[in-house]
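Below is start.csv, holding CSV, C-alpha atoms.
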chain,number,residue,atom,x,y,z
A,267,MET,CA,38.5,5.9,-11.7
A,268,ALA,CA,37.8,6.3,-15.4
A,269,LYS,CA,39.3,2.8,-16.0
A,270,GLU,CA,37.1,1.4,-13.2
A,271,GLY,CA,34.0,3.0,-14.8
A,272,VAL,CA,34.8,1.4,-18.1
A,273,GLU,CA,35.2,-1.9,-16.5
A,274,LYS,CA,31.9,-1.4,-14.7
A,275,ALA,CA,30.2,-0.6,-18.1
A,276,GLU,CA,31.6,-3.8,-19.7
A,277,GLU,CA,30.5,-5.8,-16.7
A,278,THR,CA,26.9,-4.5,-16.9
A,279,GLU,CA,26.7,-5.0,-20.7
A,280,GLN,CA,27.7,-8.7,-20.2
A,281,MET,CA,25.7,-9.4,-17.0
A,282,ILE,CA,24.3,-12.7,-18.2
A,283,GLU,CA,26.5,-15.3,-16.6
A,284,LYS,CA,28.0,-17.9,-18.9
A,285,GLU,CA,27.7,-21.0,-16.9
A,286,THR,CA,28.5,-23.2,-19.9
A,287,SER,CA,30.9,-22.8,-22.8
A,288,LYS,CA,28.0,-22.8,-25.3
A,289,GLU,CA,25.0,-20.6,-25.6
A,290,PRO,CA,21.8,-22.6,-25.0
A,291,ALA,CA,19.6,-23.3,-27.9
A,292,GLU,CA,16.7,-20.9,-28.2
A,293,GLY,CA,13.1,-22.3,-28.4
A,294,GLY,CA,10.4,-20.8,-30.6
A,295,ASP,CA,8.8,-19.1,-27.5
A,296,GLY,CA,12.0,-17.1,-26.7
A,297,SER,CA,13.0,-19.6,-23.9
A,298,HIS,CA,16.3,-21.4,-23.8
A,299,ARG,CA,17.0,-25.1,-23.3
A,300,LEU,CA,19.9,-26.9,-21.8
A,301,GLY,CA,19.2,-30.6,-22.4
A,302,ASP,CA,15.6,-31.1,-21.6
A,303,ALA,CA,15.2,-28.2,-19.1
A,304,GLN,CA,13.7,-24.9,-20.2
A,305,GLU,CA,15.5,-21.9,-18.8
A,306,MET,CA,14.8,-18.2,-18.4
A,307,ARG,CA,16.6,-15.0,-17.5
A,308,ALA,CA,16.1,-13.8,-13.9
A,309,VAL,CA,17.7,-11.2,-11.7
A,310,VAL,CA,19.4,-13.0,-8.8
A,311,LEU,CA,20.4,-11.5,-5.4
A,312,ALA,CA,23.4,-13.6,-4.4
A,313,GLY,CA,23.6,-12.2,-0.9
A,314,PHE,CA,22.5,-9.2,1.1
A,315,GLY,CA,24.5,-6.1,0.6
A,316,GLY,CA,25.3,-3.6,-2.2
A,317,LEU,CA,24.6,-3.4,-5.9
A,318,ASN,CA,27.3,-5.9,-6.6
A,319,LYS,CA,25.1,-8.6,-5.1
A,320,LEU,CA,22.8,-8.4,-8.1
A,321,ARG,CA,23.3,-10.3,-11.4
A,322,LEU,CA,21.4,-11.5,-14.3
A,323,SER,CA,21.4,-15.3,-14.5
A,324,ARG,CA,19.7,-18.2,-16.2
A,325,LYS,CA,17.4,-20.3,-14.0
A,326,ALA,CA,15.1,-23.2,-14.6
A,327,MET,CA,11.7,-22.0,-15.7
A,328,PRO,CA,8.9,-22.7,-13.1
A,329,GLU,CA,5.8,-24.6,-13.9
A,330,PRO,CA,2.4,-23.9,-12.2
A,331,GLN,CA,1.3,-25.9,-9.3
A,332,ASP,CA,-2.3,-26.5,-8.3
A,333,GLY,CA,-4.1,-23.2,-8.1
A,334,GLU,CA,-1.3,-21.2,-9.8
A,335,LEU,CA,-1.0,-19.4,-13.1
A,336,LYS,CA,2.2,-19.3,-15.2
A,337,ILE,CA,2.8,-15.8,-16.5
A,338,ARG,CA,5.1,-14.7,-19.3
A,339,VAL,CA,6.4,-11.5,-17.8
A,340,LYS,CA,6.4,-8.3,-19.8
A,341,ALA,CA,7.2,-5.8,-17.0
A,342,CYS,CA,8.1,-5.7,-13.3
A,343,GLY,CA,7.7,-3.0,-10.7
A,344,LEU,CA,10.7,-1.8,-8.7
A,345,ASN,CA,9.9,-0.5,-5.2
A,346,PHE,CA,11.8,0.9,-2.3
A,347,ILE,CA,11.1,-2.3,-0.4
A,348,ASP,CA,13.2,-4.1,-3.0
A,349,LEU,CA,16.1,-1.9,-2.1
A,350,MET,CA,15.6,-2.8,1.6
A,351,VAL,CA,15.4,-6.5,0.8
A,352,ARG,CA,18.7,-6.2,-1.2
A,353,GLN,CA,20.3,-4.8,1.9
A,354,GLY,CA,18.7,-7.4,4.2
A,355,ASN,CA,17.1,-4.4,6.0
A,356,ILE,CA,13.8,-6.2,6.7
A,357,ASP,CA,12.4,-8.4,9.5
A,358,ASN,CA,13.1,-12.1,9.0
A,359,PRO,CA,14.8,-11.8,5.5
A,360,PRO,CA,14.6,-14.9,3.3
A,361,LYS,CA,17.6,-17.0,2.5
A,362,THR,CA,19.7,-16.0,-0.5
A,363,PRO,CA,20.2,-16.5,-3.4
A,364,LEU,CA,16.8,-15.4,-4.4
A,365,VAL,CA,15.0,-13.6,-7.2
A,366,PRO,CA,13.6,-10.2,-5.9
A,367,GLY,CA,10.4,-8.5,-6.9
A,368,PHE,CA,6.8,-8.5,-5.7
A,369,GLU,CA,4.7,-7.4,-8.7
A,370,CYS,CA,4.6,-7.9,-12.4
A,371,SER,CA,2.5,-7.8,-15.5
A,372,GLY,CA,2.3,-10.1,-18.5
A,373,ILE,CA,0.4,-12.8,-20.4
A,374,VAL,CA,-1.0,-16.0,-18.9
A,375,GLU,CA,1.0,-18.9,-20.5
A,376,ALA,CA,-0.3,-21.9,-18.5
A,377,LEU,CA,-2.9,-22.8,-15.9
A,378,GLY,CA,-2.4,-25.1,-12.9
A,379,ASP,CA,-5.1,-27.6,-11.8
A,380,SER,CA,-8.3,-26.1,-10.3
A,381,VAL,CA,-7.7,-22.6,-11.8
A,382,LYS,CA,-10.9,-21.0,-13.0
A,383,GLY,CA,-11.7,-17.6,-14.5
A,384,TYR,CA,-8.6,-17.3,-16.5
A,385,GLU,CA,-7.5,-18.4,-20.0
A,386,ILE,CA,-4.2,-18.8,-21.7
A,387,GLY,CA,-3.5,-15.4,-23.4
A,388,ASP,CA,-5.2,-13.2,-20.8
A,389,ARG,CA,-3.4,-10.0,-20.0
A,390,VAL,CA,-2.8,-9.8,-16.3
A,391,MET,CA,-1.0,-8.1,-13.4
A,392,ALA,CA,0.0,-10.0,-10.3
A,393,PHE,CA,1.5,-9.9,-6.8
A,394,VAL,CA,4.3,-12.4,-6.3
A,395,ASN,CA,5.9,-13.4,-3.0
A,396,TYR,CA,9.4,-12.8,-4.5
A,397,ASN,CA,10.6,-14.1,-7.9
A,398,ALA,CA,8.9,-11.3,-9.9
A,399,TRP,CA,12.1,-10.1,-11.7
A,400,ALA,CA,12.2,-12.9,-14.2
A,401,GLU,CA,10.9,-13.8,-17.7
A,402,VAL,CA,8.4,-16.2,-16.2
A,403,VAL,CA,6.7,-16.4,-12.8
A,404,CYS,CA,4.1,-18.7,-11.2
A,405,THR,CA,1.8,-17.3,-8.5
A,406,PRO,CA,-1.5,-18.3,-6.9
A,407,VAL,CA,-4.6,-17.3,-8.7
A,408,GLU,CA,-5.8,-15.2,-5.8
A,409,PHE,CA,-3.0,-12.7,-6.5
A,410,VAL,CA,-3.7,-12.3,-10.2
A,411,TYR,CA,-5.9,-9.7,-11.8
A,412,LYS,CA,-7.0,-9.1,-15.4
A,413,ILE,CA,-6.0,-5.7,-16.8
A,414,PRO,CA,-8.0,-3.4,-19.1
A,415,ASP,CA,-7.3,-3.6,-22.8
A,416,ASP,CA,-6.0,0.0,-22.9
A,417,MET,CA,-3.6,-0.4,-20.0
A,418,SER,CA,0.0,-1.0,-21.1
A,419,PHE,CA,2.1,-3.6,-19.4
A,420,SER,CA,4.4,-1.0,-17.9
A,421,GLU,CA,1.3,0.8,-16.4
A,422,ALA,CA,0.0,-2.6,-15.1
A,423,ALA,CA,3.4,-3.3,-13.4
A,424,ALA,CA,3.2,0.1,-11.8
A,425,PHE,CA,-0.3,-0.4,-10.5
A,426,PRO,CA,-0.6,-3.1,-7.8
A,427,MET,CA,1.8,-2.1,-5.0
A,428,ASN,CA,1.4,1.7,-5.3
A,429,PHE,CA,-2.4,2.1,-5.9
A,430,VAL,CA,-3.5,-0.7,-3.6
A,431,THR,CA,-1.3,0.7,-0.8
A,432,ALA,CA,-2.6,4.2,-1.4
A,433,TYR,CA,-6.3,3.2,-1.6
A,434,THR,CA,-6.2,0.9,1.4
A,435,MET,CA,-4.6,3.6,3.6
A,436,LEU,CA,-6.9,6.4,2.5
A,437,PHE,CA,-10.2,4.6,2.3
A,438,GLU,CA,-10.1,1.4,4.3
A,439,ILE,CA,-8.0,2.7,7.3
A,440,ALA,CA,-8.4,6.5,7.4
A,441,ASN,CA,-11.9,6.8,5.9
A,442,LEU,CA,-11.1,9.8,3.6
A,443,ARG,CA,-14.1,12.0,3.0
A,444,GLU,CA,-15.0,15.3,1.4
A,445,GLY,CA,-13.2,18.3,2.9
A,446,MET,CA,-10.5,16.4,4.6
A,447,SER,CA,-6.7,17.1,4.5
A,448,VAL,CA,-3.8,14.7,3.9
A,449,LEU,CA,-0.1,15.0,4.4
A,450,VAL,CA,2.0,12.5,2.4
A,451,HIS,CA,5.8,12.2,2.4
A,452,SER,CA,7.8,11.4,-0.7
A,453,ALA,CA,5.0,12.9,-2.8
A,454,GLY,CA,6.9,12.4,-6.0
A,455,GLY,CA,7.3,8.7,-5.6
A,456,GLY,CA,5.0,6.0,-6.9
A,457,VAL,CA,2.8,5.8,-3.7
A,458,GLY,CA,2.9,9.5,-3.3
A,459,GLN,CA,1.5,10.1,-6.8
A,460,ALA,CA,-1.1,7.4,-6.3
A,461,VAL,CA,-2.2,9.1,-3.1
A,462,ALA,CA,-2.5,12.5,-4.9
A,463,GLN,CA,-4.6,11.0,-7.7
A,464,LEU,CA,-6.9,9.2,-5.4
A,465,CYS,CA,-7.4,12.3,-3.2
A,466,SER,CA,-8.5,14.1,-6.4
A,467,THR,CA,-11.4,11.7,-6.7
A,468,VAL,CA,-12.9,13.1,-3.5
A,469,PRO,CA,-14.3,16.7,-3.5
A,470,ASN,CA,-12.3,19.4,-1.6
A,471,VAL,CA,-9.5,17.3,-0.3
A,472,THR,CA,-6.3,19.3,0.5
A,473,VAL,CA,-3.1,17.5,-0.1
A,474,PHE,CA,0.2,18.6,1.6
A,475,GLY,CA,3.3,16.9,0.3
A,476,THR,CA,7.0,16.8,0.9
A,477,ALA,CA,9.5,16.0,-1.9
A,478,SER,CA,13.0,16.9,-3.0
A,479,THR,CA,13.1,20.4,-4.5
A,480,PHE,CA,14.0,19.2,-8.0
A,481,LYS,CA,10.8,17.3,-8.3
A,482,HIS,CA,8.5,20.2,-7.4
A,483,GLU,CA,8.0,21.5,-10.9
A,484,ALA,CA,7.0,18.1,-12.2
A,485,ILE,CA,4.5,17.3,-9.4
A,486,LYS,CA,3.2,20.8,-8.4
A,487,ASP,CA,-0.2,20.3,-10.1
A,488,SER,CA,-0.9,17.0,-8.2
A,489,VAL,CA,-0.4,18.5,-4.7
A,490,THR,CA,-2.2,21.4,-3.1
A,491,HIS,CA,0.8,22.5,-1.0
A,492,LEU,CA,4.3,21.3,-1.6
A,493,PHE,CA,7.3,21.5,0.7
A,494,ASP,CA,11.0,20.6,0.4
A,495,ARG,CA,11.7,17.3,2.1
A,496,ASN,CA,14.4,18.9,4.3
A,497,ALA,CA,12.3,21.9,5.4
A,498,ASP,CA,10.4,22.4,8.6
A,499,TYR,CA,7.2,21.1,7.2
A,500,VAL,CA,5.4,21.1,10.5
A,501,GLN,CA,5.5,24.9,10.8
A,502,GLU,CA,4.6,25.2,7.1
A,503,VAL,CA,1.5,23.0,7.4
A,504,LYS,CA,0.4,24.9,10.6
A,505,ARG,CA,0.9,28.2,8.9
A,506,ILE,CA,-1.7,27.2,6.3
A,507,SER,CA,-3.9,25.0,8.5
A,508,ALA,CA,-3.5,25.9,12.2
A,509,GLU,CA,-5.4,22.8,13.3
A,510,GLY,CA,-3.2,20.5,11.3
A,511,VAL,CA,-4.4,17.7,9.0
A,512,ASP,CA,-6.8,14.7,9.2
A,513,ILE,CA,-4.5,12.1,7.7
A,514,VAL,CA,-0.7,11.6,7.8
A,515,LEU,CA,0.9,9.0,5.5
A,516,ASP,CA,4.5,8.3,6.6
A,517,CYS,CA,6.9,6.2,4.7
A,518,LEU,CA,10.0,7.7,6.4
A,519,CYS,CA,9.7,6.9,10.2
A,520,GLY,CA,12.3,8.2,12.6
A,521,ASP,CA,11.5,11.7,14.0
A,522,ASN,CA,8.8,12.1,11.4
A,523,THR,CA,6.5,9.9,13.5
A,524,GLY,CA,6.4,12.5,16.3
A,525,LYS,CA,6.0,15.3,13.8
A,526,GLY,CA,3.2,13.5,12.1
A,527,LEU,CA,1.3,12.8,15.4
A,528,SER,CA,1.7,16.5,16.4
A,529,LEU,CA,0.1,17.6,13.1
A,530,LEU,CA,-3.1,15.4,13.6
A,531,LYS,CA,-6.4,17.1,14.1
A,532,PRO,CA,-8.8,15.5,16.7
A,533,LEU,CA,-10.0,12.2,15.2
A,534,GLY,CA,-7.1,12.3,12.8
A,535,THR,CA,-5.2,9.2,11.7
A,536,TYR,CA,-1.4,8.7,11.4
A,537,ILE,CA,-0.4,5.7,9.2
A,538,LEU,CA,3.2,4.3,9.0
A,539,TYR,CA,3.8,2.3,5.9
A,540,GLY,CA,7.6,2.3,5.5
A,541,SER,CA,10.9,3.3,7.1
A,542,SER,CA,13.1,4.6,4.3
A,543,ASN,CA,15.0,6.8,6.8
A,544,MET,CA,16.8,3.6,7.7
A,545,VAL,CA,18.4,3.6,4.3
A,546,THR,CA,21.3,6.0,3.9
A,547,GLY,CA,24.1,4.2,2.2
A,548,GLU,CA,24.3,1.3,-0.3
A,549,THR,CA,24.5,-1.3,2.4
A,550,LYS,CA,22.6,-1.9,5.6
A,551,SER,CA,23.7,0.6,8.3
A,552,PHE,CA,23.2,-0.4,11.9
A,553,PHE,CA,23.8,3.3,12.9
A,554,SER,CA,20.9,4.5,10.6
A,555,PHE,CA,18.7,1.7,12.0
A,556,ALA,CA,19.5,2.7,15.6
A,557,LYS,CA,19.1,6.4,14.9
A,558,SER,CA,15.7,5.9,13.3
A,559,TRP,CA,14.5,3.7,16.1
A,560,TRP,CA,15.8,6.1,18.7
A,561,GLN,CA,14.0,9.1,17.0
A,562,VAL,CA,10.6,7.4,16.9
A,563,GLU,CA,8.4,9.1,19.5
A,564,LYS,CA,7.3,6.6,22.1
A,565,VAL,CA,3.5,6.4,21.8
A,566,ASN,CA,1.5,6.9,25.0
A,567,PRO,CA,-2.0,5.3,24.6
A,568,ILE,CA,-3.3,7.6,27.3
A,569,LYS,CA,-2.2,10.6,25.3
A,570,LEU,CA,-3.9,9.2,22.2
A,571,TYR,CA,-7.1,8.8,24.2
A,572,GLU,CA,-6.9,12.3,25.6
A,573,GLU,CA,-6.1,13.9,22.2
A,574,ASN,CA,-8.6,11.7,20.1
A,575,LYS,CA,-5.9,10.6,17.7
A,576,VAL,CA,-5.4,7.3,15.8
A,577,ILE,CA,-2.1,5.6,15.0
A,578,ALA,CA,-1.9,2.7,12.5
A,579,GLY,CA,0.5,0.7,10.4
A,580,PHE,CA,0.1,-0.8,7.0
A,581,SER,CA,2.1,-3.5,5.2
A,582,LEU,CA,0.5,-4.7,2.0
A,583,LEU,CA,2.9,-7.6,1.6
A,584,ASN,CA,2.2,-8.9,5.1
A,585,LEU,CA,-1.6,-8.5,4.5
A,586,LEU,CA,-1.4,-10.6,1.4
A,587,PHE,CA,1.2,-13.2,2.1
A,588,LYS,CA,1.1,-13.7,5.8
A,589,GLN,CA,-2.4,-12.6,6.9
A,590,GLY,CA,-4.5,-14.1,4.1
A,591,ARG,CA,-6.5,-11.0,3.1
A,592,SER,CA,-6.4,-11.6,-0.7
A,593,GLY,CA,-10.2,-11.2,-0.8
A,594,LEU,CA,-10.1,-7.7,0.6
A,595,ILE,CA,-7.3,-6.7,-1.8
A,596,ARG,CA,-9.2,-8.1,-4.8
A,597,GLY,CA,-12.1,-5.9,-3.9
A,598,VAL,CA,-9.7,-2.9,-3.7
A,599,VAL,CA,-8.2,-3.8,-7.1
A,600,GLU,CA,-11.6,-4.0,-8.7
A,601,LYS,CA,-12.5,-0.5,-7.4
A,602,LEU,CA,-9.2,0.8,-8.7
A,603,ILE,CA,-9.7,-0.7,-12.1
A,604,GLY,CA,-13.1,1.1,-12.2
A,605,LEU,CA,-11.4,4.4,-11.5
A,606,TYR,CA,-8.8,3.7,-14.2
A,607,ASN,CA,-11.5,2.9,-16.7
A,608,GLN,CA,-13.2,6.2,-15.8
A,609,LYS,CA,-9.9,8.0,-16.5
A,610,LYS,CA,-9.7,9.2,-12.9
A,611,ILE,CA,-6.4,7.6,-12.1
A,612,LYS,CA,-3.3,6.6,-14.2
A,613,PRO,CA,0.0,5.1,-13.0
A,614,VAL,CA,2.9,7.5,-13.4
A,615,VAL,CA,5.9,5.7,-14.9
A,616,ASP,CA,9.2,7.3,-14.3
A,617,SER,CA,11.4,5.2,-16.5
A,618,LEU,CA,11.9,1.8,-18.2
A,619,TRP,CA,15.0,-0.3,-17.6
A,620,ALA,CA,16.2,-3.6,-19.0
A,621,LEU,CA,16.9,-6.5,-16.7
A,622,GLU,CA,20.6,-5.9,-17.3
A,623,GLU,CA,20.2,-2.4,-16.0
A,624,VAL,CA,18.7,-3.3,-12.6
A,625,LYS,CA,21.7,-1.9,-10.7
A,626,GLU,CA,21.3,1.5,-12.3
A,627,ALA,CA,17.5,1.4,-11.7
A,628,MET,CA,18.1,0.6,-8.0
A,629,GLN,CA,20.6,3.4,-7.7
A,630,ARG,CA,18.0,5.8,-9.1
A,631,ILE,CA,15.6,4.8,-6.3
A,632,HIS,CA,18.4,5.1,-3.7
A,633,ASP,CA,19.1,8.7,-5.0
A,634,ARG,CA,15.4,9.5,-4.7
A,635,GLY,CA,15.6,10.6,-8.3
A,636,ASN,CA,12.4,9.0,-9.6
A,637,ILE,CA,9.1,10.7,-10.2
A,638,GLY,CA,6.6,7.9,-10.2
A,639,LYS,CA,7.4,4.2,-10.7
A,640,LEU,CA,10.5,2.6,-12.1
A,641,ILE,CA,9.8,-0.4,-14.3
A,642,LEU,CA,12.0,-3.3,-15.4
A,643,ASP,CA,11.0,-4.0,-19.0
A,644,VAL,CA,11.8,-7.6,-19.8
A,645,GLU,CA,11.9,-7.0,-23.5
A,646,LYS,CA,13.9,-3.8,-23.4
A,647,THR,CA,17.4,-3.7,-24.9
A,648,PRO,CA,20.0,-2.4,-22.4
A,649,THR,CA,21.4,1.1,-23.0
A,650,PRO,CA,25.2,1.2,-23.1
A,651,LEU,CA,26.4,2.8,-19.9
A,652,MET,CA,28.6,5.8,-19.6
A,653,ALA,CA,32.0,5.4,-18.1
A,654,ASN,CA,31.1,7.7,-15.2
A,655,ASP,CA,28.1,5.7,-14.2
A,656,SER,CA,27.0,6.2,-10.5
A,657,THR,CA,27.8,2.6,-9.4
A,658,GLU,CA,31.5,2.9,-9.6
A,659,THR,CA,33.8,0.2,-8.3
A,660,SER,CA,36.2,1.0,-5.5
A,661,GLU,CA,39.7,-0.4,-5.2
A,662,ALA,CA,38.4,-2.9,-2.7
A,663,GLY,CA,35.9,-4.2,-5.3
A,664,GLU,CA,32.9,-2.8,-3.5
A,665,GLU,CA,30.6,-0.2,-5.1
A,666,GLU,CA,30.9,3.2,-3.5
A,667,GLU,CA,27.8,4.6,-2.0
A,668,ASP,CA,26.6,8.0,-3.0
A,669,HIS,CA,26.5,10.9,-0.6
A,670,GLU,CA,23.1,12.1,0.5
A,671,GLY,CA,22.1,15.2,-1.4
A,672,ASP,CA,24.2,14.5,-4.5
A,673,SER,CA,21.3,13.4,-6.6
A,674,GLU,CA,20.3,16.8,-7.8
A,675,ASN,CA,23.6,17.4,-9.4
A,676,LYS,CA,24.2,13.9,-10.8
A,677,GLU,CA,23.9,13.1,-14.5
A,678,ARG,CA,21.9,9.8,-14.6
A,679,MET,CA,22.0,7.5,-17.5
A,680,PRO,CA,19.3,7.9,-20.2
A,681,PHE,CA,15.9,6.6,-19.4
A,682,ILE,CA,12.5,6.4,-21.2
A,683,GLN,CA,9.2,8.1,-20.4
Written as structure tokens, how would this file's structure read?
Amino acid sequence: MAKEGVEKAEETEQMIEKETSKEPAEGGDGSHRLGDAQEMRAVVLAGFGGLNKLRLSRKAMPEPQDGELKIRVKACGLNFIDLMVRQGNIDNPPKTPLVPGFECSGIVEALGDSVKGYEIGDRVMAFVNYNAWAEVVCTPVEFVYKIPDDMSFSEAAAFPMNFVTAYTMLFEIANLREGMSVLVHSAGGGVGQAVAQLCSTVPNVTVFGTASTFKHEAIKDSVTHLFDRNADYVQEVKRISAEGVDIVLDCLCGDNTGKGLSLLKPLGTYILYGSSNMVTGETKSFFSFAKSWWQVEKVNPIKLYEENKVIAGFSLLNLLFKQGRSGLIRGVVEKLIGLYNQKKIKPVVDSLWALEEVKEAMQRIHDRGNIGKLILDVEKTPTPLMANDSTETSEAGEEEEDHEGDSENKERMPFIQ
């Protein structure tokens, strides 16, 4: 196994595929040329499955079309949805190979026709419909937002998905007001920490959170009442608040749906915004999918009517890319930037990873080991891996999946922040 670990380390350190016998010439802007074509580094998902489906490759650099901006990427956000995409654990997955990633930050490098309001050199953050994990991206202007001068690129890459999701659920859907109470799962994650910060902007809001025990010390000041993710949180919440809570934010699904609905006060709102319980191993599990689906309580509209409860769902990516609500999201981003400028919110960055370290970063999310957001730093030099890295290669050539619950005892590779 030690030999396999060393081989894995060497593979990770040399992830950039050498498709030609010569290194391409480097241009003055850091790009590479093969013949007349400019190239860039990008993380490529070769097919759905485990970590071995990811590799760093060279691809042709995109150019902006009408209404698009070209962004020289500085940092990219890594989210749990990216792990589900890698596994093919989403509805209507795109064709592979593809470049993953839905958010990034960087500097505007070129403007497509008809683009107004931006200039070359602007510091921005952006949503991207895939393709974010690369040195250069192009995306429509309606998904791009200027960032404050004092916001770092890593903070900006941690901002869009997490804070827009949290704000929209709390204020646009659930209408959070003074004196309300909120239950949020995965309170130590990027969205969980954004929810906690936004709740603190409203007077007398009580936040109940669930998280792995090893995260409690780090996040205890951001949450009013904190419970272990494996504990009977329903009884714990009712012990403190017999009536339950006003808002439940659920990224787990499965049997947590019924538990969340049971905790709602009259006129309370339950919002499902993820289904991470479907992810147990490194690859897609039909058993986990079936188990999660089977455990979801079948909702009876008559019962909702009788109990005065609201159930909702929220998918930011669908809202942006399929349902055309970029105008609504721009308004949310503007409000969030205002809160950032007032020092009321600040993205929590767990760690920074080089593009070559994307496998290790994804493993950290799979282990639920992060507190806040994981960031792919395009300019970061990769850290040499230890021989006992978590993504070991089995005799069959596939990476072995970690057993649930091992994350607390596992030594992770060094990370920044």
| message | What's around Tyr539 of chain A at 9 Å? Count all atoms listed in the file, leave out sequence neighbours fewer than 4 positions away in its own chain, and write the answer as a ChimeraX atom specification. | response | /A:431,435,515-519,578-582
In the coordinate frame of the file, compute which residues have an atom within 12 Å of (-3.9, -18.2, -25.3) when using only C-alpha atoms, and state them as an mmCIF file with C-alpha atoms, in the coordinates of the input.
data_model
loop_
_atom_site.group_PDB
_atom_site.id
_atom_site.type_symbol
_atom_site.label_atom_id
_atom_site.label_comp_id
_atom_site.auth_asym_id
_atom_site.auth_seq_id
_atom_site.Cartn_x
_atom_site.Cartn_y
_atom_site.Cartn_z
ATOM 1 C CA LYS A 336 2.200 -19.300 -15.200
ATOM 2 C CA ILE A 337 2.800 -15.800 -16.500
ATOM 3 C CA ARG A 338 5.100 -14.700 -19.300
ATOM 4 C CA ILE A 373 0.400 -12.800 -20.400
ATOM 5 C CA VAL A 374 -1.000 -16.000 -18.900
ATOM 6 C CA GLU A 375 1.000 -18.900 -20.500
ATOM 7 C CA ALA A 376 -0.300 -21.900 -18.500
ATOM 8 C CA LEU A 377 -2.900 -22.800 -15.900
ATOM 9 C CA TYR A 384 -8.600 -17.300 -16.500
ATOM 10 C CA GLU A 385 -7.500 -18.400 -20.000
ATOM 11 C CA ILE A 386 -4.200 -18.800 -21.700
ATOM 12 C CA GLY A 387 -3.500 -15.400 -23.400
ATOM 13 C CA ASP A 388 -5.200 -13.200 -20.800
ATOM 14 C CA ARG A 389 -3.400 -10.000 -20.000
#
| Hey, what's within 10 Å of Arg596 of chain A if we count only C-alpha atoms and toss same-chain stuff fewer than 2 positions away? As a ChimeraX atom specification, please? | /A:408-411,430,591-594,598-602
| field | Residues within 10 Å of (16.1, -10.1, 0.0), file coords, all atoms listed in the file, listed as a list in words | value |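 Taken together, the residues in range are Val310, Leu311, Ala312, Gly313, Phe314, Gly315, Ile347, Asp348, Leu349, Met350, Val351, Arg352, Gln353, Gly354, Asn355, Ile356, Asn358, Pro359, Pro360, Lys361, Thr362, Pro363, Leu364, Val365, Pro366, Gly367 and Tyr396 of chain A.
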| field | Atom pair atom CA of Glu334 of chain A / atom CA of Met306 of chain A: separation (Å) | value |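 Atom-to-atom, atom CA of Glu334 of chain A and atom CA of Met306 of chain A are spaced 18.5 Å apart.
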| field | Spatial neighbours of Leu583 of chain A, 10 Å, all atoms listed in the file, chain gap at least 4 places, as number ranges by chain | value | A: 347, 368, 393-395, 427, 431, 587-589
| message | One number please: atom CA of Glu305 of chain A to atom CA of Asp332 of chain A, in Å, one decimal. | response |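 Separating atom CA of Glu305 of chain A from atom CA of Asp332 of chain A is a distance of 21.2 Å.
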| message | Just the number, please: distance in Å from atom CA of Leu449 of chain A to atom CA of Lys531 of chain A, one decimal. | response |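 The value is 11.8 Å.
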May I have the residues within 10 Å of Asn345 of chain A as a CSV table (one decimal) with C-alpha atoms, in the coordinates of the input, using all atoms listed in the file and disregarding those fewer than 6 positions away in the same chain?
chain,number,residue,atom,x,y,z
A,367,GLY,CA,10.4,-8.5,-6.9
A,368,PHE,CA,6.8,-8.5,-5.7
A,369,GLU,CA,4.7,-7.4,-8.7
A,424,ALA,CA,3.2,0.1,-11.8
A,427,MET,CA,1.8,-2.1,-5.0
A,428,ASN,CA,1.4,1.7,-5.3
A,455,GLY,CA,7.3,8.7,-5.6
A,456,GLY,CA,5.0,6.0,-6.9
A,457,VAL,CA,2.8,5.8,-3.7
A,628,MET,CA,18.1,0.6,-8.0
A,631,ILE,CA,15.6,4.8,-6.3
A,639,LYS,CA,7.4,4.2,-10.7
A,640,LEU,CA,10.5,2.6,-12.1
A,641,ILE,CA,9.8,-0.4,-14.3
